[in-house]
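Asker: Got a structure for you, query_5.txt, holding compact mmCIF, C-alpha atoms.
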# COMPACT_ATOMS: atom_id res chain seq x y z
CA MET A 112 23.12 11.82 -11.08
CA ASP A 113 20.71 12.54 -13.96
CA ARG A 114 17.43 14.38 -13.40
CA LYS A 115 15.29 11.35 -14.20
CA LYS A 116 17.04 9.32 -11.50
CA VAL A 117 16.48 12.13 -8.99
CA ARG A 118 12.82 12.27 -10.01
CA ARG A 119 12.46 8.52 -9.45
CA ILE A 120 14.03 8.77 -5.98
CA LEU A 121 11.72 11.66 -5.04
CA MET A 122 8.69 9.75 -6.32
CA ALA A 123 9.69 6.71 -4.24
CA VAL A 124 10.24 8.70 -1.03
CA ILE A 125 7.08 10.80 -1.45
CA GLY A 126 5.07 7.70 -2.32
CA MET A 127 6.13 5.88 0.83
CA ALA A 128 5.52 8.96 3.00
CA LEU A 129 2.03 9.30 1.55
CA ALA A 130 1.39 5.60 2.19
CA GLY A 131 2.00 6.07 5.93
CA ILE A 132 -0.09 9.25 6.07
CA ALA A 133 -2.91 7.51 4.20
CA VAL A 134 -3.17 4.75 6.79
CA GLY A 135 -3.38 7.41 9.52
CA PHE A 136 -6.44 8.82 7.73
CA PHE A 137 -7.89 5.33 7.39
CA LYS A 138 -7.55 4.68 11.10
CA ARG A 139 -9.06 8.02 12.13
CA ALA A 140 -12.00 7.44 9.77
CA PHE A 141 -13.02 4.40 11.85
CA PHE A 142 -14.52 2.75 8.78
CA GLY A 143 -11.87 0.06 8.57
CA VAL A 144 -8.31 0.08 7.28
CA ASP A 145 -6.91 -1.01 3.92
CA PRO A 146 -6.64 -4.79 3.32
CA PHE A 147 -2.96 -5.21 4.21
CA GLN A 148 -3.42 -3.18 7.39
CA CYS A 149 -6.45 -5.39 8.15
CA PHE A 150 -4.13 -8.38 7.86
CA CYS A 151 -1.53 -6.71 10.11
CA ASN A 152 -4.13 -5.71 12.69
CA GLY A 153 -5.44 -9.28 12.67
CA ILE A 154 -1.93 -10.49 13.49
CA ASN A 155 -1.79 -7.78 16.17
CA GLN A 156 -4.81 -9.38 17.86
CA VAL A 157 -2.74 -12.48 18.64
CA VAL A 158 0.71 -10.82 18.84
CA PRO A 159 0.11 -7.81 21.14
CA ILE A 160 3.24 -5.73 20.53
CA GLY A 161 3.57 -2.16 19.22
CA PHE A 162 2.06 -1.84 15.75
CA GLY A 163 5.14 -0.17 14.25
CA THR A 164 7.37 -3.02 15.41
CA LEU A 165 4.91 -5.71 14.32
CA TYR A 166 4.50 -4.07 10.91
CA MET A 167 8.28 -4.16 10.46
CA ILE A 168 8.44 -7.87 11.41
CA ILE A 169 5.61 -8.85 9.02
CA ASN A 170 7.22 -6.96 6.17
CA ALA A 171 10.59 -8.54 6.93
CA VAL A 172 9.00 -12.00 6.56
CA LEU A 173 7.35 -10.98 3.27
CA LEU A 174 10.67 -9.51 2.12
CA VAL A 175 12.33 -12.92 2.52
CA ILE A 176 9.57 -14.43 0.36
CA ASP A 177 10.05 -11.68 -2.25
CA PHE A 178 13.81 -12.31 -2.25
CA PHE A 179 13.26 -15.87 -3.45
CA LEU A 180 10.40 -15.01 -5.85
CA ASP A 181 11.93 -12.06 -7.74
CA ARG A 182 14.49 -9.58 -6.45
CA HIS A 183 13.52 -7.01 -9.10
CA TYR A 184 10.90 -5.45 -6.82
CA ILE A 185 13.30 -5.06 -3.87
CA GLY A 186 14.85 -1.60 -3.68
CA ILE A 187 15.07 1.62 -1.69
CA SER A 188 11.27 1.87 -1.45
CA THR A 189 11.10 -1.61 0.05
CA PHE A 190 13.40 -0.68 2.91
CA ILE A 191 11.73 2.70 3.50
CA ASN A 192 8.47 0.80 3.85
CA LEU A 193 10.05 -1.85 6.07
CA PHE A 194 11.64 0.46 8.61
CA LEU A 195 9.62 3.70 8.53
CA VAL A 196 6.04 3.32 7.32
CA GLY A 197 4.72 1.52 10.41
CA TYR A 198 6.01 4.31 12.63
CA ALA A 199 4.72 6.94 10.16
CA VAL A 200 1.26 5.38 10.58
CA GLU A 201 1.45 5.76 14.37
CA PHE A 202 2.68 9.35 14.07
CA SER A 203 0.06 10.47 11.51
CA GLU A 204 -2.78 8.80 13.41
CA ASN A 205 -1.78 10.50 16.67
CA LEU A 206 -1.32 13.87 14.92
CA LEU A 207 -4.75 13.70 13.28
CA ALA A 208 -6.31 12.75 16.62
CA ARG A 209 -4.73 15.77 18.32
CA ILE A 210 -5.70 18.21 15.55
CA PHE A 211 -9.21 17.02 14.72
CA GLY A 212 -10.32 14.95 17.71
CA ASP A 213 -13.61 13.26 16.82
CA PRO A 214 -14.47 14.70 13.37
CA GLY A 215 -18.04 13.34 13.33
CA ILE A 216 -19.57 11.31 10.51
CA PRO A 217 -18.94 13.89 7.71
CA GLY A 218 -15.31 14.24 8.80
CA ARG A 219 -14.86 10.48 9.03
CA ILE A 220 -16.21 10.05 5.49
CA ALA A 221 -13.80 12.76 4.30
CA PHE A 222 -10.91 10.99 6.09
CA LEU A 223 -11.86 7.72 4.39
CA VAL A 224 -11.90 9.31 0.93
CA VAL A 225 -8.56 11.05 1.58
CA GLY A 226 -7.07 7.79 2.85
CA ILE A 227 -8.15 5.83 -0.23
CA VAL A 228 -6.97 8.46 -2.71
CA LEU A 229 -3.62 9.05 -0.96
CA SER A 230 -2.98 5.32 -0.67
CA CYS A 231 -3.58 4.72 -4.38
CA ILE A 232 -1.52 7.76 -5.44
CA ALA A 233 1.28 6.59 -3.14
CA ALA A 234 1.34 3.12 -4.69
CA ALA A 235 1.25 4.55 -8.22
CA LEU A 236 4.22 6.81 -7.43
CA TYR A 237 6.51 4.13 -6.06
CA TYR A 238 5.43 1.56 -8.66
CA THR A 239 6.42 3.97 -11.43
CA ALA A 240 9.65 4.98 -9.66
CA ASP A 241 10.67 1.33 -10.00
CA LEU A 242 13.05 1.51 -7.04
CA GLY A 243 11.32 -1.27 -5.18
CA VAL A 244 7.84 -1.56 -3.74
CA SER A 245 6.50 -2.61 -0.36
CA ALA A 246 7.01 -6.27 0.47
CA TYR A 247 3.25 -6.86 0.23
CA ASP A 248 2.77 -4.95 -3.04
CA ALA A 249 5.52 -7.03 -4.64
CA ILE A 250 3.54 -10.26 -4.33
CA PRO A 251 0.62 -9.41 -6.68
CA LEU A 252 3.16 -7.79 -9.03
CA HIS A 253 5.17 -11.05 -9.07
CA ILE A 254 2.02 -12.97 -9.89
CA ALA A 255 0.94 -10.52 -12.60
CA ASP A 256 4.36 -10.77 -14.25
CA ARG A 257 3.79 -14.48 -14.70
CA LYS A 258 0.58 -13.74 -16.64
CA PRO A 259 -1.67 -16.32 -14.96
CA HIS A 260 -4.74 -17.41 -16.94
CA LEU A 261 -8.34 -17.87 -15.87
CA PHE A 262 -10.93 -19.21 -18.32
CA GLY A 263 -8.43 -18.76 -21.12
CA ARG A 264 -7.72 -15.08 -20.38
CA VAL A 265 -4.67 -13.46 -18.79
CA LEU A 266 -5.54 -12.00 -15.41
CA PRO A 267 -4.60 -8.28 -15.30
CA PHE A 268 -2.84 -6.77 -12.31
CA ARG A 269 -6.00 -5.02 -11.06
CA VAL A 270 -7.83 -8.37 -10.74
CA ILE A 271 -4.87 -10.08 -9.06
CA ARG A 272 -4.63 -7.17 -6.61
CA ILE A 273 -8.33 -7.50 -5.75
CA ILE A 274 -7.85 -11.22 -5.05
CA SER A 275 -4.78 -10.67 -2.85
CA ASP A 276 -6.54 -7.85 -0.96
CA LEU A 277 -9.60 -10.03 -0.31
CA ILE A 278 -7.34 -12.79 1.03
CA CYS A 279 -5.75 -10.28 3.45
CA VAL A 280 -9.19 -9.15 4.63
CA ALA A 281 -10.30 -12.76 5.17
CA ILE A 282 -7.18 -13.57 7.23
CA GLY A 283 -7.50 -10.42 9.33
CA PHE A 284 -11.17 -11.18 10.02
CA ALA A 285 -10.39 -14.82 10.91
CA LEU A 286 -7.82 -13.59 13.46
CA GLY A 287 -10.34 -11.33 15.17
CA PHE A 288 -10.00 -7.93 13.47
CA MET A 289 -13.33 -6.63 12.20
CA PRO A 290 -13.07 -5.07 8.71
CA GLY A 291 -15.20 -2.03 7.96
CA ILE A 292 -16.82 -0.58 4.88
CA GLY A 293 -13.54 1.20 4.07
CA THR A 294 -11.75 -2.16 4.04
CA ILE A 295 -14.26 -3.64 1.59
CA ILE A 296 -14.14 -0.56 -0.66
CA THR A 297 -10.35 -0.63 -0.85
CA ALA A 298 -10.25 -4.40 -1.38
CA LEU A 299 -12.51 -4.05 -4.43
CA PHE A 300 -11.29 -0.77 -5.88
CA MET A 301 -7.67 -0.22 -4.84
CA GLY A 302 -6.23 -2.26 -7.73
CA PRO A 303 -8.19 -0.39 -10.42
CA LEU A 304 -7.49 3.00 -8.76
CA ILE A 305 -3.75 2.32 -8.56
CA SER A 306 -3.80 1.45 -12.27
CA PHE A 307 -5.73 4.67 -12.98
CA PHE A 308 -3.33 6.95 -11.06
CA LYS A 309 -0.32 5.18 -12.54
CA ARG A 310 -1.62 5.76 -16.06
CA THR A 311 -2.80 9.34 -15.55
CA LEU A 312 -0.37 10.73 -12.96
CA SER A 313 2.83 8.87 -12.15
CA ASP A 314 3.76 7.52 -15.61
CA PRO A 315 3.33 10.96 -17.28
CA LEU A 316 5.22 12.59 -14.38
CA LEU A 317 8.23 10.35 -14.92
CA ALA A 318 8.05 10.73 -18.70
CA LYS A 319 7.89 14.54 -18.48
CA PRO A 320 10.98 16.05 -20.18
CA SER A 321 13.53 17.52 -17.79
CA PRO A 322 13.86 21.34 -17.92
Re-express the file's structure as structure tokens.
Answerer:
Amino acid sequence: MDRKKVRRILMAVIGMALAGIAVGFFKRAFFGVDPFQCFCNGINQVVPIGFGTLYMIINAVLLVIDFFLDRHYIGISTFINLFLVGYAVEFSENLLARIFGDPGIPGRIAFLVVGIVLSCIAAALYYTADLGVSAYDAIPLHIADRKPHLFGRVLPFRVIRIISDLICVAIGFALGFMPGIGTIITALFMGPLISFFKRTLSDPLLAKPSP
């Protein structure tokens, strides 16, 4: 196996691990979770089963949709996300609770910032690895690939991601889960931040010559 392939696999695995850890920080910040987690928690209000199991079921449904839309985005990262990330969220949230307890307002703000940054870095890593993305992330990517137009201009990925995130927030809220300021921040800025970290971190990391 060539070094670039190994690098892509590592980026995919690390990206998915960071995604689960990031949600743990979001939850311990108590300022709201990211938009997709808002959607999942909204579903959890009406389907009261363990979050890890519910997360896996929701992603399995989205995976079926992705399969018929475009199989290109289905890969190793997709299945890591499907089977492990929900449980990684539960583990990281419980670990942070045991270590830090109630961190107070300054600590909660720090947790929110860490959660946002880690989540965007995670997405940038597994997008660039191109070994599949999460079932949810694939949907705005599918749409962006089709270059939809609005007022005569092609909508960039960052705008499509904002729209899809806002839809998730609206559904979660309608089902009884209250979004917080962290949810709104991520819904508006996650798309642009993912694009930023992809351009400045993950793309150069993959392009870096092997030693």
Asker: Would you pick out the contacts of range 187-200 of chain A at 9 Å or less, using all atoms listed in the file, so that residues sharing its chain but fewer than 4 positions from it are not included, and give the list as a PyMOL selection string?
Answerer: chain A and resi 120+123-124+126-128+130-136+138+162-171+174+204-205+237+240-246
Asker: Using all atoms listed in the file, what table do you get, as a Markdown table, when you list each residue of range 117-208 of chain A with an atom no more than 8 Å from range 293-315 of chain A, its nearest pair of atoms, and their distance in Å rounded to one decimal, rows by chain then rising number?
Answerer:
| residue | atom | partner | partner_atom | distance |
| --- | --- | --- | --- | --- |
| A:Phe137 | CA | A:Gly293 | CA | 7.7 |
| A:Phe142 | CA | A:Gly293 | CA | 5.1 |
| A:Gly143 | CA | A:Gly293 | CA | 4.9 |
| A:Val144 | CA | A:Thr294 | CA | 5.2 |
| A:Asp145 | CA | A:Thr294 | CA | 5.0 |
| A:Pro146 | CA | A:Thr294 | CA | 5.8 |
| A:Cys149 | CA | A:Thr294 | CA | 7.4 |
Asker: Taking every listed atom of range 297-305 of chain A and adding 5 Å to each side, what centre and edge lengths in Å (one decimal) does the axis-aligned box have, as lines of an AutoDock Vina configuration file?
Answerer:
center_x = -8.1
center_y = -0.7
center_z = -5.6
size_x = 18.8
size_y = 17.4
size_z = 19.6
Asker: Taking all atoms listed in the file into account, which of A:Val265, A:Ile220, A:Met289, A:Ala235 comes nearest Leu316 in chain A?
Answerer: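 Selected residue with least distance to Leu316 in chain A: A:Ala235.
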Asker: In Å to one decimal, how far is CA of Asp276 in chain A from CA of Leu317 in chain A?
Answerer: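 Computing the Euclidean distance for CA of Leu317 in chain A and CA of Asp276 in chain A yields 27.3 Å.
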Asker: Between CA of Ser203 in chain A and CA of Leu229 in chain A, what is the distance in Å, rounded to a tenth?
Answerer: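 CA of Ser203 in chain A sits 13.1 Å away from CA of Leu229 in chain A.
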Asker: For each of A:Arg264, A:Arg269, A:Arg257, A:Lys319, take the minimum atom-to-atom distance to Leu180 in chain A, counting only C-alpha atoms, then give the residue where this is smallest.
Answerer: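 Of the candidates, the smallest distance to Leu180 in chain A is held by A:Arg257.
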Asker: Nearest residue to Ile185 in chain A out of A:Leu286, A:Val117, A:Ala249, A:Leu223, using only C-alpha atoms?
Answerer: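 The answer is A:Ala249, which sits nearest to Ile185 in chain A.
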Asker: Using Å and a single decimal, report how far CA of Phe268 in chain A sits from CA of Phe147 in chain A.
Answerer: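 So the answer is 16.6 Å.
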Asker: Quick one: of A:Ala255, A:His260, A:Val280, A:Ile250, who's nearest to Phe179 in chain A, counting only C-alpha atoms?
Answerer: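 For Phe179 in chain A, the nearest of the given residues is A:Ile250.
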Asker: Between A:Ser275, A:Phe150, A:Arg139, A:Lys116, which is the closest to Pro290 in chain A once you count all atoms listed in the file?
Answerer: A:Phe150
Asker: Can you work out which one of A:Ala318, A:Ile210, A:Ile271, A:Val157 has the shortest atom-to-atom distance to Arg119 in chain A, counting all atoms listed in the file?
Answerer: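 Counting all atoms listed in the file, the residue closest to Arg119 in chain A is A:Ala318.
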